[in-house]
Each structure stands twice: as structure tokens, then as C-alpha cells.
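In what follows, a structure is listed as C-alpha cells, so that the remarks can point back to it.
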Number of protein chains: 2
Amino acid sequence: MSTDTLNLKKPQPQRATLYQVAEVAKVSKSTVSRVINDDASVAEETRRRVLEAIAVTGYRVNQSARALASRTTGAIALAIYEDLATYFSSEFSSSMVMALQDFFFEKDIQVVLVPAPDQRRQLRIEQYVQQRHVDGAILLGPVREDILLPDLLRDKVPLVIGGRPARTETVSFVDIDNSGVSEQVVAGLAKLGRKKIGFITGRLDNPAATDRLLGYRRGLSNAGLSQDDGLVGIGNWGFKSAVSATEQLLANHPDLDAVYASNDLMASAAIQVLKDSGRSTPRDVAVVGFDDTPLASSLSPKLSSVRQDPELYARSLGSLLLAQISNEQTTPQSTILPTQILWRDSSGTPPEN
Amino acid sequence: MSTDTLNLKKPQPQRATLYQVAEVAKVSKSTVSRVINDDASVAEETRRRVLEAIAVTGYRVNQSARALASRTTGAIALAIYEDLATYFSSEFSSSMVMALQDFFFEKDIQVVLVPAPDQRRQLRIEQYVQQRHVDGAILLGPVREDILLPDLLRDKVPLVIGGRPARTETVSFVDIDNSGVSEQVVAGLAKLGRKKIGFITGRLDNPAATDRLLGYRRGLSNAGLSQDDGLVGIGNWGFKSAVSATEQLLANHPDLDAVYASNDLMASAAIQVLKDSGRSTPRDVAVVGFDDTPLASSLSPKLSSVRQDPELYARSLGSLLLAQISNEQTTPQSTILPTQILWRDSSGTPPEN
DNA sequence: GTGAAAGCGCTAACAC
DNA sequence: GTGTTAGCGCTTTCAC
């Protein structure tokens with residue numbers, strides 16, 4: 001086992017330390033420390049002198065020393081278990097990350113992104129977090145729970161997962177009710193008189209994808225509608241995958257009258273294929289997507305979609321992490337966020353509740 | 001001035017320290033330190049005992065302590081001066097970041113991304129770097145030099161910029177010869193017999209964009225071709241901007257016979273507009289792009305483009321940073337990388353030579 | 001309101 | 001090969 005990370009020489013140029021500031025200001029180190037930490041109990045005049053000394057010496061806090069003494073780094077990691085280009089191509093994800101930064105920015109906590117596109121790097125992140133470069137971590141994307149989590153959890157590193165983990169009892173997470181809302185989508189379509197409702201999945205290695213599928217199935221059985229595997233097309237979140245999936249659906253069931261796709265992009269592919277096959281949306285086939293990306297409202301017809309709120313998601317993740325970092329919040333907490341179905345033109349007249 | 005970042009309680013649970021490992025293994029702290037740092041001079045038997053003790057105690061290096069003692073963090077920052085979704089939507093950029101991670105991965109250095117989409121956060125990054133959370137930083141995207149750089153440079157923080165900075169003498173950077181290659185593109189088009197060569201710029205707040213424009217102009221004058229502002233359309237790297245730019249170009253010069261666009265996406269927009277106006281590419285108007293993204297080879301006709309190598313770019317940035325971190329490499333160094341013009345169908349027969 | 005003293009957990013000479 | 005001894009630059013009681 002090598003934890004060596006230092007084939008570098010001593011890099012740092014000389015910099016003023018707290019002690020030197022103290023000398024210049026003719027106070028003790030403690031006082032300087034109080035000033036830089038905004039401790040109330042410093043006389044105004046003293047504070048002024050210290051501030052001046054800081055300016056003169058060009059002093060900057062040394063984070064390593066502070067972290068060692070205070071046991072806090074003032075930074076948290078956002079581990080992204082996916083290729084970054086892919087991850088940020090999702091509207092929802094990038095808004096969410098943005099909101100996450102805002103959340104921590106206010107609290108004076110630096111957010112660092114650590115990409116973990118493959119297994120090698122996932123292990124590296126594990127080290128990074130365990131070695132306390134950061135006070136905690138938020139795990140996003142298709143988290144490889146088998147590799148990373150056990151070790152991290154054993155070490156009681158503050159951790160929150162975005163999305164439902166496989167074993168929900170061991171770790172804090174934030175998720176939306178994917179299956180519940182999918183059930184409602186199907187119920188809505190049924191209420192609109194649709195009988196043959198197809199479904200296009202996301203990548204099935206992803207709990208969100210399987211949960212949506214589950215909800216779709218429950219929705220069908222609630223509505224007493226026909227349920228067969230020919231109505232389920234396997235997609236992978238991408239446009240092309242949905243093109244094939246829709247073609248397959250149509251081949252299996254030419255009388256299809258609705259398609260619910262696991263994201264907007266795939267829904268747009270479905271509309272495309274339906275149109276190419278001479279079917280009109282929503283007249284012949286209703287279509288519903290997921291995520292309510294800008295794409296949804298720019299399509300024609302406008303796409304009905306399920307909206308999840310990235311800001312809310314971010315705040316939930318952030319609060320859960322902070323709770324773990326500050327309190328001795330030991331038991332895993334989870335939050336299931338509400339979603340909203342936006343019925344637009346692509347599904348015809350909205351089902352009045 | 002507040003550098004307070006700690007409104008958190010002591011978060012860390014108790015963890016084994018070096019000292020405790022030493023006790024269990026019945027050796028000194030130094031020996032344990034040698035083992036975890038892969039120092040050669042440890043007897044095999046001793047090493048075994050220590051490793052065992054590490055396993056038993058569940059010991060992990062405390063990065064803060066190590067950093068304080070060794071003056072090295074084993075991490076570097078990638079500061080991205082742009083919205084991440086935008087930044088990663090560029091094929092070149094995301095490959096480059098990927099390559100950068102690989103580069104440092106091999107050297108056991110953790111790369112962290114710190115997004116700096118706006119000025120508030122740019123200042124925060126400055127702190128982050130100055131406080132020595134990391135050993136150095138690579139600045140990517142449209143770096144706001146006025147804000148960040150002076151302070152950072154004063155502190156002698158190891159720093160490299162990706163792209164040409166405004167004042168090249170003060171800081172290390174890596175860039176390609178944007179103007180030179182643009183000159184060659186125009187020379188090539190001229191050799192192919194094109195006389196009225198239009199240009200579509202990128203965002204002009206970006207040195208790469210202005211350099212390409214410069215090269216275009218030089219190319220025209222080298223070839224003795226007509227040069228007027230009506231031949232230059234202002235784009236912003238985006239598809240839509242290039243649509244308008246091309247329309248404008250066509251309005252100014254209906255006899256346009258070539259368009260050189262500052263990236264592939266804008267080149268594709270140009271081809272589109274030309275086609276809509278009844279002009280064929282390359283017969284009526286030759287088109288050349290920049291970056292050689294996958295888009296270039298997937299267009300029809302295949303797009304001629306300027307290729308820059310993301311891996312090479314990454315390695316150059318990495319080496320320059322490492323040199324600054326390890327050596328006392330004080331004088332700013334810069335590297336200008338070669339590029340390659342790929343003549344494809346969109347410009348007609350390649351200019352031999 | 002301010003200072004003294006004792007670490008935080010590690011690395012790095014330097015002995016032996 | 002291994003141990004001893006000093007720190008690294010801060011925060012944090014605890015006195016005063």
C-alpha cells in the first residue's frame with residue numbers, strides 16, 4: 001500500500017506566518033488568530049493594528065495548519081461518477097451543481113469537483129476524502145456503491161448521495177419519488193383515454209431508471225391496462241437509443257397510443273419516430289417525458305414532462321451533508337423530494353386531476 | 001477582512017494516528033512514516049508488521065498534518081472560468097481535462113475542479129489557492145486576468161494558463177499558434193483559387209478568437225486578396241451566432257466563395273445557411289472550421305478543420321505546472337503547440353503542399 | 001480583552 | 001535499518 005503523493009520538492013516560497021504578523025502588530029498570536037477568525041472579543045484599536053500588520057506582511061492563512069489545528073478544511077467534495085461532458089450535458093445536473101455551489105458559497109465552504117469516470121479514479125477519490133482533504137462529500141451520478149462506500153462509511157466520513165442508493169439504510173441520500181410520479185403519469189394518461197401505453201427506460205444500471213419502470217408498471221396495473229414486455233423499450237438516456245426503442249415499440253404494438261419516456265431527450269426521439277411513421281402527437285400517440293428540460297417547452301408540440309427542482313435538490317443535499325459535518329448526526333437520513341407533472345400539448349388535454 | 005471558513009463544529013470522528021500505529025507495531029513513528037511513504041530502507045519484516053498494524057488500526061494518513069509538515073498537498077486545482085455546462089460542451093475542452101487528469105493521476109496528484117463562473121467565485125478560488133489547499137493551479141477558459149492574477153502572482157503560486165493571456169510575460173501559459181495556422185488556412189484556400197474569403201469570429205473577449213482573426217487578415221494580405229470588414233462576421237462560438245454572421249456575410253458579399261469559421265459548430269451553421277441560400281459546399285463556397293471535433297467528420301460534406309491535440313495540450317500544461325511546483329522555476333515559461341490543418345471535402349481538393 | 005502554553009499528526013534531519 | 005528530536009503554522013483552553 002502506497003499513499004505516497006510527494007515526489008515534489010518543497011514548493012512553497014516563504015510566506016508570512018501568524019507569528020510574524022503578531023510581531024509586527026505587537027500582539028500575541030492568539031490575538032491575530034482571533035482577528036482572522038472574526039472573534040468578537042478584540043478591541044477595535046487592536047483589530048486595526050492587526051489588520052494593518054496583515055496587509056503589510058501580505059499574510060495569508062495556511063490552510064494546512066489551520067486544518068490540522070481545527071480539524072476542519074472548509075471544503076467539501078462533489079464526486080461525479082461519470083464522464084463530465086456527459087454529466088453536464090444534462091440540464092438538470094448542471095443546474096443542480098450550480099445551485100450546490102451557491103448553497104455552500106454562502107456558508108463560506110469551497111466546493112471542489114472530483115471527477116470519477118472510471119474505477120481507478122474512484123479509488124483515488126476514496127483516498128482523497130478519507131485523508132480529509134475535505135470535510136465531507138456529495139456523490140453524484142451512477143455511484144459505484146460496491147467499491148467506494150463501504151470503506152468510506154466505515155470511516156464515518158460525512159457523505160450524501162444524490163439519487164437512491166441500492167441499500168438505502170446505510171447512507172444518507174436525496175432522491176425524488178421516481179416510481180410514485182411515474183405511476184401518476186400513467187394514471188394521467190389512462191384518464192385521458194390512452195389504452196396502450198408504452199415506456200422507454202433509461203440505463204437500467206441506474207436506480208432512477210428502474211424506479212420509473214416500476215412506477216410505470218404499477219400505474220398500468222392500477223388502471224387495469226394491458227401490461228406486456230413488448231410495451232417496454234430499453235433506452236440508455238440517449239436520443240438514438242430511444243429511436244430504436246420506439247421503432248421496436250411500434251413493431252410490437254402498431255396500435256400504441258401513448259409513450260412515456262424516461263427523459264425529455266428520449267421523448268423527443270419518440271415524437272420524431274412517431275411522426276416519421278405517419279403518426280401524429282398527441283392525436284394518435286400521446287408522449288410524456290421527464291426532467292422538464294428547456295427542450296420540453298421548445299419542442300412542437302410542447303412536451304408534457306415531469307419536473308424536478310434542481311435548487312431544492314441541491315439545498316437538500318447540502319443540508320444533509322452539513323448536518324452530518326456539524327452535528328454528530330450519525331444515523332443516515334434521506335429526503336424524497338416532490339415532483340410536478342406538467343401536462344402540455346404532447347399529451348393532449350390535461351387530465352383534470 | 002474575514003477569512004473565516006469555520007462555522008462548523010469539530011467534525012472528525014476519532015481516527016488512529018501514526019503514533020498509535022507505531023505503538024501497535026512496536027516501532028517508532030518514523031518507521032511508520034517511512035512505510036507509508038514507500039521509503040526503501042525498511043526491513044521487510046518490519047514493514048510487514050507496520051502494514052499489519054495499519055490494517056488493524058484502520059489508519060489513514062491525515063492530509064492536513066502531512067501537508068503542514070511536508071509543505072505539499074498532493075493536489076492541484078483546475079480553475080474553470082466559465083459555466084461548466086458550456087465549458088464541457090466543447091469536445092476539445094473535455095478531452096483536455098480528461099487528459100489532464102490522466103497526466104496527474106500517474107504522478108499521484110489529485111486534480112480538483114473549481115468552477116469560477118462569476119466574479120464572486122473567482123475571488124473565492126483565489127483564496128483557495130493562496131491558502132494552499134493545493135500545490136498549484138491551471139487556469140482554463142476565459143481567465144479574468146485583471147482580478148485574479150496579480151495577487152496570485154505576487155504570492156508566487158505555481159500557475160499555468162491554458163490559452164494566451166493578455167500579458168504574456170508575467171505568467172506561464174500554453175497555447176496554439178492561432179494566428180499562424182489561420183494564416184495558413186487562408187493561404188490554402190487562396191491556393192485553391194478562392195478569392196472572396198469570409199471569416200466568422202469567436203467571442204472577441206477571447207485571445208484565441210482575436211488571434212484567429214489576426215491570422216485571417218494576415219493571410220488575406222499575404223495572398224493579395226481583398227480585405228474588408230464586410231467579410232468578417234462576428235460570432236460567439238455558438239451555432240446561432242454563426243447563422244446570423246453567415247447571413248450577414250452573404251448580404252455583404254453575394255459572391256463569397258469561402259468561409260473560415262473559428263470553430264466547427266459555427267462552420268456547420270455556415271454550411272447550413274449557404275445551403276439554404278442555394279449555394280453548394282464546396283462547389284460554390286468552401287468552408288473550413290476549427291478544432292476538428294467529431295462533428296467535423298460527421299458533417300456532409302466532411303468539414304475541413306484545424307486540429308489541436310488535447311493530450312499534448314494537457315501534457316504541456318501539466319509539465320509546466322510541475323516544473324513550477326518542484327523546481328524553483330521562477331521565470332514564466334510558455335509553450336506554443338503545433339496544429340494541423342485537415343483538408344476535407346468541404347473545401348474541395350486539398351491544396352497540394 | 002489579551003497572552004501563554006499545549007497540542008493537532010505528520011515529516012525530516014540527524015544520530016546511532 | 002531504526003529511533004530521537006524538532007518543528008510545520010495554526011487553534012484552543014485557560015489564566016490573568
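Scheme for the C-alpha cells: letters A, B, ... for chains in order shown; per-chain residue numbers from 1; ligand numbers from 1 in order shown.
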Please report as a Markdown table every residue of chain A lying within 8 Å of chain C, along with the nearest atom pair and their distance in Å (one decimal), using only C-alpha atoms (C1' of nucleotides).
```
| residue | atom | partner | partner_atom | distance |
| --- | --- | --- | --- | --- |
| A:Ser28 | CA | C:DG3 | C1' | 6.1 |
| A:Ser30 | CA | C:DG3 | C1' | 7.2 |
| A:Thr31 | CA | C:DT2 | C1' | 6.9 |
| A:Ser41 | CA | C:DG1 | C1' | 6.3 |
| A:Val42 | CA | C:DG1 | C1' | 6.0 |
| A:Ala43 | CA | C:DG1 | C1' | 6.5 |
| A:Leu68 | CA | C:DC8 | C1' | 5.1 |
| A:Ala69 | CA | C:DC8 | C1' | 4.6 |
| A:Ser70 | CA | C:DC8 | C1' | 7.5 |
| A:Arg71 | CA | C:DC8 | C1' | 7.8 |
```
Chain A contacts to chain D at 12 Å (only C-alpha atoms (C1' of nucleotides)) as a ChimeraX atom specification: /A:15-20,29-34,36-37,59-72
Same residues, C-alpha atoms, saved as a CSV table (one decimal), in the first residue's frame:
```
chain,number,residue,atom,x,y,z
A,15,ARG,CA,5.3,33.5,3.4
A,16,ALA,CA,4.5,35.5,6.5
A,17,THR,CA,3.1,33.4,9.3
A,18,LEU,CA,0.7,34.3,12.1
A,19,TYR,CA,3.6,34.8,14.4
A,20,GLN,CA,5.2,37.4,12.2
A,29,LYS,CA,-0.5,35.0,18.1
A,30,SER,CA,-3.8,34.4,19.8
A,31,THR,CA,-5.0,37.9,19.1
A,32,VAL,CA,-4.1,37.7,15.5
A,33,SER,CA,-5.9,34.4,15.3
A,34,ARG,CA,-8.9,36.0,16.8
A,36,ILE,CA,-8.7,36.5,11.3
A,37,ASN,CA,-11.4,34.4,12.7
A,59,TYR,CA,-0.1,37.4,5.3
A,60,ARG,CA,-2.4,34.5,4.2
A,61,VAL,CA,-3.8,31.8,6.3
A,62,ASN,CA,-2.1,28.5,5.8
A,63,GLN,CA,-4.9,26.1,5.3
A,64,SER,CA,-2.9,23.0,6.3
A,65,ALA,CA,-2.0,24.4,9.6
A,66,ARG,CA,-5.5,25.6,10.2
A,67,ALA,CA,-7.0,22.3,9.2
A,68,LEU,CA,-4.6,20.4,11.5
A,69,ALA,CA,-5.4,22.5,14.5
A,70,SER,CA,-9.1,23.0,13.9
A,71,ARG,CA,-9.9,19.6,12.3
A,72,THR,CA,-11.9,21.3,9.6
```
Spatial neighbours of Ala245 in chain B, 6 Å, only C-alpha atoms (C1' of nucleotides), chain gap at least 2 places, as a PyMOL selection string: chain B and resi 233-234+242-243+247-248
Sel. of alpha helix (DSSP H) residues, range 86-130 of chain B, as a PyMOL selection string: chain B and resi 86-89+91-106+119-130
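Rounded to one decimal, CA of Gly136 in chain A and CA of Asp118 in chain A lie 20.8 Å from each other.
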Pick out the residues sitting within 12 Å of Glu311 in chain A, and hand them over as a PDB file with N, CA and C atoms, in the first residue's frame; count only C-alpha atoms (C1' of nucleotides), and ignore anything fewer than 2 positions along from it in its own chain.
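The resulting result.pdb:
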```pdb
ATOM      1  N   PHE A  92     -30.576  19.327 -15.939  1.00  0.00           N
ATOM      2  CA  PHE A  92     -30.879  19.213 -14.522  1.00  0.00           C
ATOM      3  C   PHE A  92     -29.598  19.141 -13.700  1.00  0.00           C
ATOM      4  N   SER A  93     -28.694  18.291 -14.121  1.00  0.00           N
ATOM      5  CA  SER A  93     -27.461  18.117 -13.367  1.00  0.00           C
ATOM      6  C   SER A  93     -26.653  19.399 -13.283  1.00  0.00           C
ATOM      7  N   SER A  94     -26.545  20.093 -14.392  1.00  0.00           N
ATOM      8  CA  SER A  94     -25.690  21.272 -14.285  1.00  0.00           C
ATOM      9  C   SER A  94     -26.340  22.372 -13.459  1.00  0.00           C
ATOM     10  N   SER A  95     -27.642  22.510 -13.529  1.00  0.00           N
ATOM     11  CA  SER A  95     -28.287  23.478 -12.641  1.00  0.00           C
ATOM     12  C   SER A  95     -28.095  23.073 -11.191  1.00  0.00           C
ATOM     13  N   MET A  96     -28.161  21.802 -10.975  1.00  0.00           N
ATOM     14  CA  MET A  96     -28.066  21.314  -9.609  1.00  0.00           C
ATOM     15  C   MET A  96     -26.689  21.595  -9.037  1.00  0.00           C
ATOM     16  N   VAL A  97     -25.670  21.319  -9.813  1.00  0.00           N
ATOM     17  CA  VAL A  97     -24.310  21.574  -9.359  1.00  0.00           C
ATOM     18  C   VAL A  97     -24.108  23.066  -9.104  1.00  0.00           C
ATOM     19  N   MET A  98     -24.658  23.857  -9.986  1.00  0.00           N
ATOM     20  CA  MET A  98     -24.576  25.300  -9.813  1.00  0.00           C
ATOM     21  C   MET A  98     -25.222  25.713  -8.486  1.00  0.00           C
ATOM     22  N   ALA A  99     -26.398  25.189  -8.244  1.00  0.00           N
ATOM     23  CA  ALA A  99     -27.124  25.520  -7.024  1.00  0.00           C
ATOM     24  C   ALA A  99     -26.371  25.039  -5.789  1.00  0.00           C
ATOM     25  N   LEU A 100     -25.723  23.919  -5.936  1.00  0.00           N
ATOM     26  CA  LEU A 100     -24.934  23.363  -4.841  1.00  0.00           C
ATOM     27  C   LEU A 100     -23.782  24.310  -4.491  1.00  0.00           C
ATOM     28  N   GLN A 101     -23.181  24.843  -5.516  1.00  0.00           N
ATOM     29  CA  GLN A 101     -22.105  25.795  -5.261  1.00  0.00           C
ATOM     30  C   GLN A 101     -22.622  27.023  -4.540  1.00  0.00           C
ATOM     31  N   ASP A 102     -23.762  27.513  -5.001  1.00  0.00           N
ATOM     32  CA  ASP A 102     -24.350  28.677  -4.344  1.00  0.00           C
ATOM     33  C   ASP A 102     -24.615  28.395  -2.873  1.00  0.00           C
ATOM     34  N   PHE A 103     -25.183  27.245  -2.641  1.00  0.00           N
ATOM     35  CA  PHE A 103     -25.526  26.858  -1.280  1.00  0.00           C
ATOM     36  C   PHE A 103     -24.305  26.930  -0.369  1.00  0.00           C
ATOM     37  N   ARG A 307     -41.295  17.533 -13.779  1.00  0.00           N
ATOM     38  CA  ARG A 307     -40.286  18.492 -13.357  1.00  0.00           C
ATOM     39  C   ARG A 307     -39.742  18.153 -11.979  1.00  0.00           C
ATOM     40  N   GLN A 308     -38.431  18.176 -11.847  1.00  0.00           N
ATOM     41  CA  GLN A 308     -37.818  18.116 -10.521  1.00  0.00           C
ATOM     42  C   GLN A 308     -37.021  19.401 -10.353  1.00  0.00           C
ATOM     43  N   ASP A 309     -36.985  19.886  -9.145  1.00  0.00           N
ATOM     44  CA  ASP A 309     -36.414  21.204  -8.899  1.00  0.00           C
ATOM     45  C   ASP A 309     -34.942  21.107  -8.502  1.00  0.00           C
ATOM     46  N   TYR A 313     -33.263  20.322  -4.779  1.00  0.00           N
ATOM     47  CA  TYR A 313     -32.430  19.124  -4.698  1.00  0.00           C
ATOM     48  C   TYR A 313     -31.071  19.473  -4.085  1.00  0.00           C
ATOM     49  N   ALA A 314     -30.513  20.557  -4.593  1.00  0.00           N
ATOM     50  CA  ALA A 314     -29.201  20.996  -4.106  1.00  0.00           C
ATOM     51  C   ALA A 314     -29.267  21.368  -2.627  1.00  0.00           C
ATOM     52  N   ARG A 315     -30.283  22.119  -2.266  1.00  0.00           N
ATOM     53  CA  ARG A 315     -30.400  22.523  -0.863  1.00  0.00           C
ATOM     54  C   ARG A 315     -30.546  21.310   0.046  1.00  0.00           C
ATOM     55  N   SER A 316     -31.291  20.331  -0.415  1.00  0.00           N
ATOM     56  CA  SER A 316     -31.476  19.137   0.405  1.00  0.00           C
ATOM     57  C   SER A 316     -30.168  18.394   0.588  1.00  0.00           C
ATOM     58  N   LEU A 317     -29.453  18.229  -0.488  1.00  0.00           N
ATOM     59  CA  LEU A 317     -28.153  17.569  -0.401  1.00  0.00           C
ATOM     60  C   LEU A 317     -27.237  18.319   0.553  1.00  0.00           C
ATOM     61  N   GLY A 318     -27.201  19.633   0.356  1.00  0.00           N
ATOM     62  CA  GLY A 318     -26.327  20.468   1.159  1.00  0.00           C
ATOM     63  C   GLY A 318     -26.663  20.387   2.640  1.00  0.00           C
ATOM     64  N   LEU A 337     -37.868  14.091  -2.563  1.00  0.00           N
ATOM     65  CA  LEU A 337     -38.365  15.389  -2.995  1.00  0.00           C
ATOM     66  C   LEU A 337     -39.615  15.271  -3.867  1.00  0.00           C
TER      67      LEU A 337
END
```
Residue set, range 104-213 of chain B restricted to strand (DSSP E), as an NGL selection string: :B and (110-115 or 137-140 or 159-162 or 172-176 or 197-200)
